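Asks: After the structure tokens below, expect a handful of questions from me.
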Amino acid sequence: MSETLQRVVHRLRAIDRSLWVLLGVVIISSVGSGMPWYTMGILFTPLTAEFGWGRGAYSVAQSLYILATNLSALPIGNLVDRWGSRRMMGITGVASFIIWGLLSRLGHISPEKALLALYALYILLGIASSGLGNVSCSALVARWFRKRRGLAMGVALIGGSLPGVILVPLSAPFIDAYGWRAFTMLLGVLALVCSVPIVLWVIREAPPEPEPSTAGGVAQSAPSYSAREALRTPTFWVMSLAFALGMLASVAIQMHAIPFLMDRGLSRATASSIWGFLALWGIIGKVTLGWAADRFSARVVYSLSLLSQALSVLVALSSPRPEAAWAFALLFGLGMGGQLCTRATIVAEYYGVRAYGTIWGLVTFFTLPGMVGGGPLAGFLYDVTGNYRMPYSLFVGAFVLGAAALFFLRKPQTERRLA
């Protein structure tokens, strides 16, 4: 076999492996980040009805999950840089199985003790989700895909929406038939069988060789920062502010989506179907807007994604008609998908992959106040006012401010090292 043909075969094998890794990431992210997130909305009504908790109290549990996910992102990102995504995915896949099993046993104690147990389990689930979901998965994709990174990130994040499309519509009849405890036990089994075998047989840490840039006819590596260098740039802080504002509004609205839709006069089944429709458009947004981020500008796509979500909320508040709810789901899902896939792309584009896990953990840490504050704010304002109009109007303003902040973002101007 000639040397040229050998190089071609080697390249084809590398491409084949990268696609298998990407498929594995899709499946793992579905049980690592998507399944816990959508399940918290599914369990909102059954748990509050059985234990008599207020919506604000349950929203605190959701926020504790988000808090744990984001606080653990920095140490887990550092471990991913040191040990690799594969080992972290395996450990947290087994941990997720155990946590879901414990959650299925919740009950037969006072509502106050049950609430504390729920808080503890959601914290543990958040830590496991950080290792099995966004941190490990985005670091793996960033290292495997130097070109078409936005599209690859969008495809990888499809996994985060798959439970919304598949699990949410099926959850209502399943819970009605077998109860929420059987449902959570099923989730634990899914977490185990959809992570550990893939980690063992599909996931690999890095491509056989890097993908060099050949600009000007000379092979070059992408510019890359250490975590300390990134923290010294004003860009990092503007980026974190924009991400925090966007996540403040987006996360809170997703937390309260099903109760909000039911308050608009829709049945649980219809609200769940609309939530699944929203998740479907989230998938479409991740792929199409991830592609657009590669072709145009990730920061502009991110800004437009936030504005799409702001418009969706205005549509939902303008009318109680079902048509407005479906339009809300379309616009919000599309913007949510674009927001999620472009965040990881912007971080890799601006700061490289040398310390990607740690930098992503830092960005996540500094967006934490926005991510954990919105849900309880919406829940407690609902308890006070009896509707979602006030908190949702505040979230529209957060979307607009976040879009404006990132639209004017520029790449760091400090001295850069090469990956």
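We name chains A, B, ... following the order of the structure tokens; residues begin at 1 in each chain, and ligands are numbered from 1 as shown.
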Skip Leu23 (chain A) itself and residues of its chain fewer than 5 positions away, then list as a PyMOL selection string all residues within 12 Å of it, counting only C-alpha atoms.
Replies: chain A and resi 16-18+28-30+137+140-141+152-153+155-159+194-195+198-199+202-204
Asks: I need the chosen residues saved as a short mmCIF file (atom, residue, chain, number, x, y, z; two decimals), in the first residue's frame, with C-alpha atoms.
Replies:
```cif
data_model
loop_
_atom_site.label_atom_id
_atom_site.label_comp_id
_atom_site.auth_asym_id
_atom_site.auth_seq_id
_atom_site.Cartn_x
_atom_site.Cartn_y
_atom_site.Cartn_z
CA ASP A 16 -14.99 7.07 11.75
CA ARG A 17 -13.79 7.05 15.36
CA SER A 18 -14.74 10.71 15.85
CA ILE A 28 -24.35 9.82 27.54
CA SER A 29 -25.40 13.48 27.66
CA SER A 30 -29.03 12.39 27.34
CA CYS A 137 -19.00 15.85 27.11
CA LEU A 140 -14.39 15.67 24.78
CA VAL A 141 -16.07 17.27 21.75
CA ALA A 152 -20.35 19.07 16.61
CA MET A 153 -21.30 20.78 19.88
CA VAL A 155 -25.10 17.50 17.66
CA ALA A 156 -23.58 16.42 20.98
CA LEU A 157 -26.07 18.53 22.92
CA ILE A 158 -28.96 16.84 21.13
CA GLY A 159 -28.66 14.29 23.90
CA CYS A 194 -26.67 4.09 28.65
CA SER A 195 -23.36 5.20 30.16
CA ILE A 198 -20.50 3.23 26.04
CA VAL A 199 -17.66 4.48 28.21
CA VAL A 202 -16.97 3.61 22.47
CA ILE A 203 -15.52 6.66 24.22
CA ARG A 204 -11.85 7.49 23.63
#
```
Asks: Taking only region 40-227 of chain A into account, list the residues labelled helix (DSSP H, G or I) by DSSP (computed from the backbone), as number ranges by chain.
Replies: A: 40-51, 55-71, 73-83, 85-104, 111-132, 134-144, 149-156, 158-178, 180-193, 196-201, 215-217, 227
Asks: With C-alpha atoms retained, could you export that selection as a compact mmCIF listing (two decimals), in the first residue's frame?
Replies:
```
# COMPACT_ATOMS: atom_id res chain seq x y z
CA MET A 40 -37.33 17.62 37.73
CA GLY A 41 -40.13 19.26 35.76
CA ILE A 42 -41.95 15.93 35.39
CA LEU A 43 -41.77 15.26 39.15
CA PHE A 44 -42.81 18.81 40.08
CA THR A 45 -46.54 18.13 40.36
CA PRO A 46 -46.50 14.51 41.68
CA LEU A 47 -44.07 15.32 44.50
CA THR A 48 -45.72 18.58 45.58
CA ALA A 49 -49.12 16.89 45.50
CA GLU A 50 -48.02 13.89 47.60
CA PHE A 51 -45.97 15.75 50.19
CA ARG A 55 -43.88 25.50 44.49
CA GLY A 56 -41.23 27.74 46.02
CA ALA A 57 -39.97 24.90 48.26
CA TYR A 58 -39.70 22.49 45.35
CA SER A 59 -38.02 25.16 43.23
CA VAL A 60 -35.31 25.34 45.91
CA ALA A 61 -34.62 21.64 45.32
CA GLN A 62 -34.25 22.30 41.61
CA SER A 63 -31.92 25.19 42.31
CA LEU A 64 -29.82 23.05 44.65
CA TYR A 65 -29.39 20.62 41.76
CA ILE A 66 -28.23 23.47 39.55
CA LEU A 67 -26.02 24.82 42.33
CA ALA A 68 -24.34 21.45 42.82
CA THR A 69 -23.92 20.97 39.07
CA ASN A 70 -22.21 24.30 38.66
CA LEU A 71 -20.16 24.36 41.87
CA ALA A 73 -18.04 21.99 37.40
CA LEU A 74 -14.72 23.60 38.34
CA PRO A 75 -13.20 20.68 40.27
CA ILE A 76 -14.63 18.17 37.81
CA GLY A 77 -13.33 20.24 34.89
CA ASN A 78 -9.90 20.18 36.50
CA LEU A 79 -10.14 16.40 36.94
CA VAL A 80 -11.22 16.04 33.31
CA ASP A 81 -8.09 17.96 32.24
CA ARG A 82 -5.98 15.67 34.44
CA TRP A 83 -7.67 12.27 34.10
CA SER A 85 -13.53 12.57 30.31
CA ARG A 86 -13.78 8.79 29.97
CA ARG A 87 -12.89 7.94 33.57
CA MET A 88 -15.14 10.68 34.94
CA MET A 89 -18.10 9.48 32.86
CA GLY A 90 -17.72 5.93 34.14
CA ILE A 91 -17.61 6.90 37.81
CA THR A 92 -20.56 9.29 37.63
CA GLY A 93 -22.63 6.88 35.51
CA VAL A 94 -22.59 4.34 38.35
CA ALA A 95 -23.23 7.11 40.90
CA SER A 96 -26.31 8.29 38.96
CA PHE A 97 -27.81 4.80 39.08
CA ILE A 98 -27.45 4.71 42.87
CA ILE A 99 -28.90 8.22 43.36
CA TRP A 100 -31.98 7.56 41.23
CA GLY A 101 -32.56 4.35 43.19
CA LEU A 102 -32.44 6.25 46.49
CA LEU A 103 -34.82 8.88 45.12
CA SER A 104 -37.34 6.15 44.28
CA PRO A 111 -43.01 16.03 54.60
CA GLU A 112 -40.29 18.14 56.21
CA LYS A 113 -37.81 15.26 56.40
CA ALA A 114 -38.77 14.13 52.90
CA LEU A 115 -38.01 17.62 51.60
CA LEU A 116 -34.57 17.60 53.24
CA ALA A 117 -33.89 14.17 51.75
CA LEU A 118 -34.95 15.45 48.33
CA TYR A 119 -32.58 18.40 48.68
CA ALA A 120 -29.68 16.09 49.54
CA LEU A 121 -30.39 13.70 46.65
CA TYR A 122 -30.75 16.55 44.15
CA ILE A 123 -27.38 17.91 45.29
CA LEU A 124 -25.74 14.50 44.74
CA LEU A 125 -27.51 14.17 41.39
CA GLY A 126 -26.18 17.59 40.37
CA ILE A 127 -22.60 16.53 41.09
CA ALA A 128 -23.07 13.31 39.13
CA SER A 129 -24.65 15.22 36.24
CA SER A 130 -21.64 17.53 36.04
CA GLY A 131 -19.31 14.57 35.55
CA LEU A 132 -21.59 12.60 33.26
CA ASN A 134 -21.88 18.97 30.15
CA VAL A 135 -18.33 19.27 31.51
CA SER A 136 -17.03 15.90 30.35
CA CYS A 137 -19.00 15.85 27.11
CA SER A 138 -18.14 19.38 25.94
CA ALA A 139 -14.44 18.88 26.79
CA LEU A 140 -14.39 15.67 24.78
CA VAL A 141 -16.07 17.27 21.75
CA ALA A 142 -13.82 20.37 21.92
CA ARG A 143 -10.73 18.15 21.72
CA TRP A 144 -12.01 15.82 19.00
CA ARG A 149 -16.85 22.63 16.37
CA GLY A 150 -20.14 24.53 16.57
CA LEU A 151 -21.98 21.86 14.59
CA ALA A 152 -20.35 19.07 16.61
CA MET A 153 -21.30 20.78 19.88
CA GLY A 154 -24.86 21.18 18.61
CA VAL A 155 -25.10 17.50 17.66
CA ALA A 156 -23.58 16.42 20.98
CA ILE A 158 -28.96 16.84 21.13
CA GLY A 159 -28.66 14.29 23.90
CA GLY A 160 -29.69 16.91 26.42
CA SER A 161 -33.00 17.38 24.57
CA LEU A 162 -33.81 13.76 23.70
CA PRO A 163 -35.42 13.05 27.09
CA GLY A 164 -37.68 16.05 26.52
CA VAL A 165 -38.85 14.61 23.21
CA ILE A 166 -39.10 10.96 24.27
CA LEU A 167 -39.35 10.85 28.06
CA VAL A 168 -41.66 13.78 28.80
CA PRO A 169 -44.61 12.72 26.60
CA LEU A 170 -44.39 9.12 27.91
CA SER A 171 -43.95 10.11 31.54
CA ALA A 172 -47.55 11.11 32.29
CA PRO A 173 -49.16 7.75 31.33
CA PHE A 174 -46.29 5.83 32.95
CA ILE A 175 -46.60 7.73 36.26
CA ASP A 176 -50.40 7.41 36.16
CA ALA A 177 -50.06 3.64 35.73
CA TYR A 178 -47.08 2.77 37.93
CA TRP A 180 -43.41 8.23 40.27
CA ARG A 181 -41.26 5.84 42.32
CA ALA A 182 -41.23 3.22 39.60
CA PHE A 183 -40.48 6.00 37.14
CA THR A 184 -37.39 7.18 39.03
CA MET A 185 -36.13 3.59 39.40
CA LEU A 186 -36.43 3.22 35.64
CA LEU A 187 -34.34 6.36 35.24
CA GLY A 188 -31.58 4.82 37.33
CA VAL A 189 -31.46 1.75 35.12
CA LEU A 190 -31.32 3.94 32.02
CA ALA A 191 -28.46 5.99 33.51
CA LEU A 192 -26.43 2.83 34.08
CA VAL A 193 -27.02 0.97 30.82
CA VAL A 196 -21.07 2.43 31.41
CA PRO A 197 -21.07 0.20 28.28
CA ILE A 198 -20.50 3.23 26.04
CA VAL A 199 -17.66 4.48 28.21
CA LEU A 200 -16.00 1.06 28.06
CA TRP A 201 -16.37 0.34 24.35
CA ALA A 215 -3.58 29.11 7.19
CA GLY A 216 -0.85 30.62 5.06
CA GLY A 217 0.44 27.19 4.13
CA ALA A 227 -7.13 29.18 33.28
```
Asks: What separation in Å, quoted to one decimal, exists between CA of Ala398 (chain A) and CA of Met247 (chain A)?
Replies: 9.0 Å
Asks: For Ala316 (chain A), please output as a PDB file with N, CA and C atoms, in the first residue's frame all residues within 6 Å (counting only C-alpha atoms; exclusion window: fewer than 2 positions along the same chain).
Replies:
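out.pdb written:
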```pdb
ATOM      1  N   VAL A 313     -41.557  34.422  25.391  1.00  0.00           N
ATOM      2  CA  VAL A 313     -42.230  34.717  26.656  1.00  0.00           C
ATOM      3  C   VAL A 313     -43.296  35.798  26.460  1.00  0.00           C
ATOM      4  N   LEU A 314     -42.989  36.798  25.666  1.00  0.00           N
ATOM      5  CA  LEU A 314     -43.981  37.843  25.381  1.00  0.00           C
ATOM      6  C   LEU A 314     -45.205  37.264  24.687  1.00  0.00           C
ATOM      7  N   SER A 318     -49.069  37.074  26.249  1.00  0.00           N
ATOM      8  CA  SER A 318     -50.041  37.904  25.536  1.00  0.00           C
ATOM      9  C   SER A 318     -51.404  37.249  25.401  1.00  0.00           C
ATOM     10  N   ALA A 324     -50.903  30.213  21.335  1.00  0.00           N
ATOM     11  CA  ALA A 324     -49.807  31.007  21.894  1.00  0.00           C
ATOM     12  C   ALA A 324     -48.822  30.114  22.642  1.00  0.00           C
ATOM     13  N   ALA A 325     -49.327  29.082  23.309  1.00  0.00           N
ATOM     14  CA  ALA A 325     -48.451  28.156  24.033  1.00  0.00           C
ATOM     15  C   ALA A 325     -47.566  27.376  23.063  1.00  0.00           C
ATOM     16  N   PHE A 328     -44.958  29.742  21.757  1.00  0.00           N
ATOM     17  CA  PHE A 328     -43.963  29.915  22.816  1.00  0.00           C
ATOM     18  C   PHE A 328     -42.957  28.765  22.792  1.00  0.00           C
TER      19      PHE A 328
END
```
Asks: Considering only C-alpha atoms, state which residue in the set A:Ala249, A:Ile359, A:Leu317, A:Leu377 is at the smallest distance from Leu231 (chain A).
Replies: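 Closest candidate: A:Ile359.
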Asks: Which is closer to Gly34 (chain A) than all the others in A:Pro376, A:Gly282, A:Gly338, A:Gly84, using only C-alpha atoms?
Replies: A:Gly282
Asks: Looking at A:Trp53, A:Phe380, A:Tyr350, A:Phe260, which one is nearest to Arg410 (chain A), with distances taken over only C-alpha atoms?
Replies: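 Closest to Arg410 (chain A), using only C-alpha atoms: A:Tyr350.
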Asks: Find, counting only C-alpha atoms, the residue in A:Pro369, A:Gly285, A:Gly54, A:Gly24 that gets nearest to Leu331 (chain A).
Replies: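 Closest residue, counting only C-alpha atoms: A:Gly285.
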Asks: Which one is closest to Ser303 (chain A): A:Met336, A:Leu266, A:Ile27, A:Ala257? Count only C-alpha atoms.
Replies: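 So, comparing all the options, the nearest one is A:Met336.
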Asks: From the options A:Phe236, A:Gly335, A:Ala329, A:Glu349, which residue's atoms come nearest to Ser272 (chain A), counting only C-alpha atoms?
Replies: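 Counting only C-alpha atoms, the residue closest to Ser272 (chain A) is A:Ala329.
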Asks: Between CA of Phe243 (chain A) and CA of Arg343 (chain A), what is the distance, to one decimal in Å?
Replies: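 If I compute the distance from CA of Phe243 (chain A) to CA of Arg343 (chain A), I get 7.6 Å.
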Asks: Write out as a PyMOL selection string the set of residues from region 140-334 of chain A that DSSP, computed on the backbone, places in strand (DSSP E or B).
Replies: chain A and resi 213+220+223-224
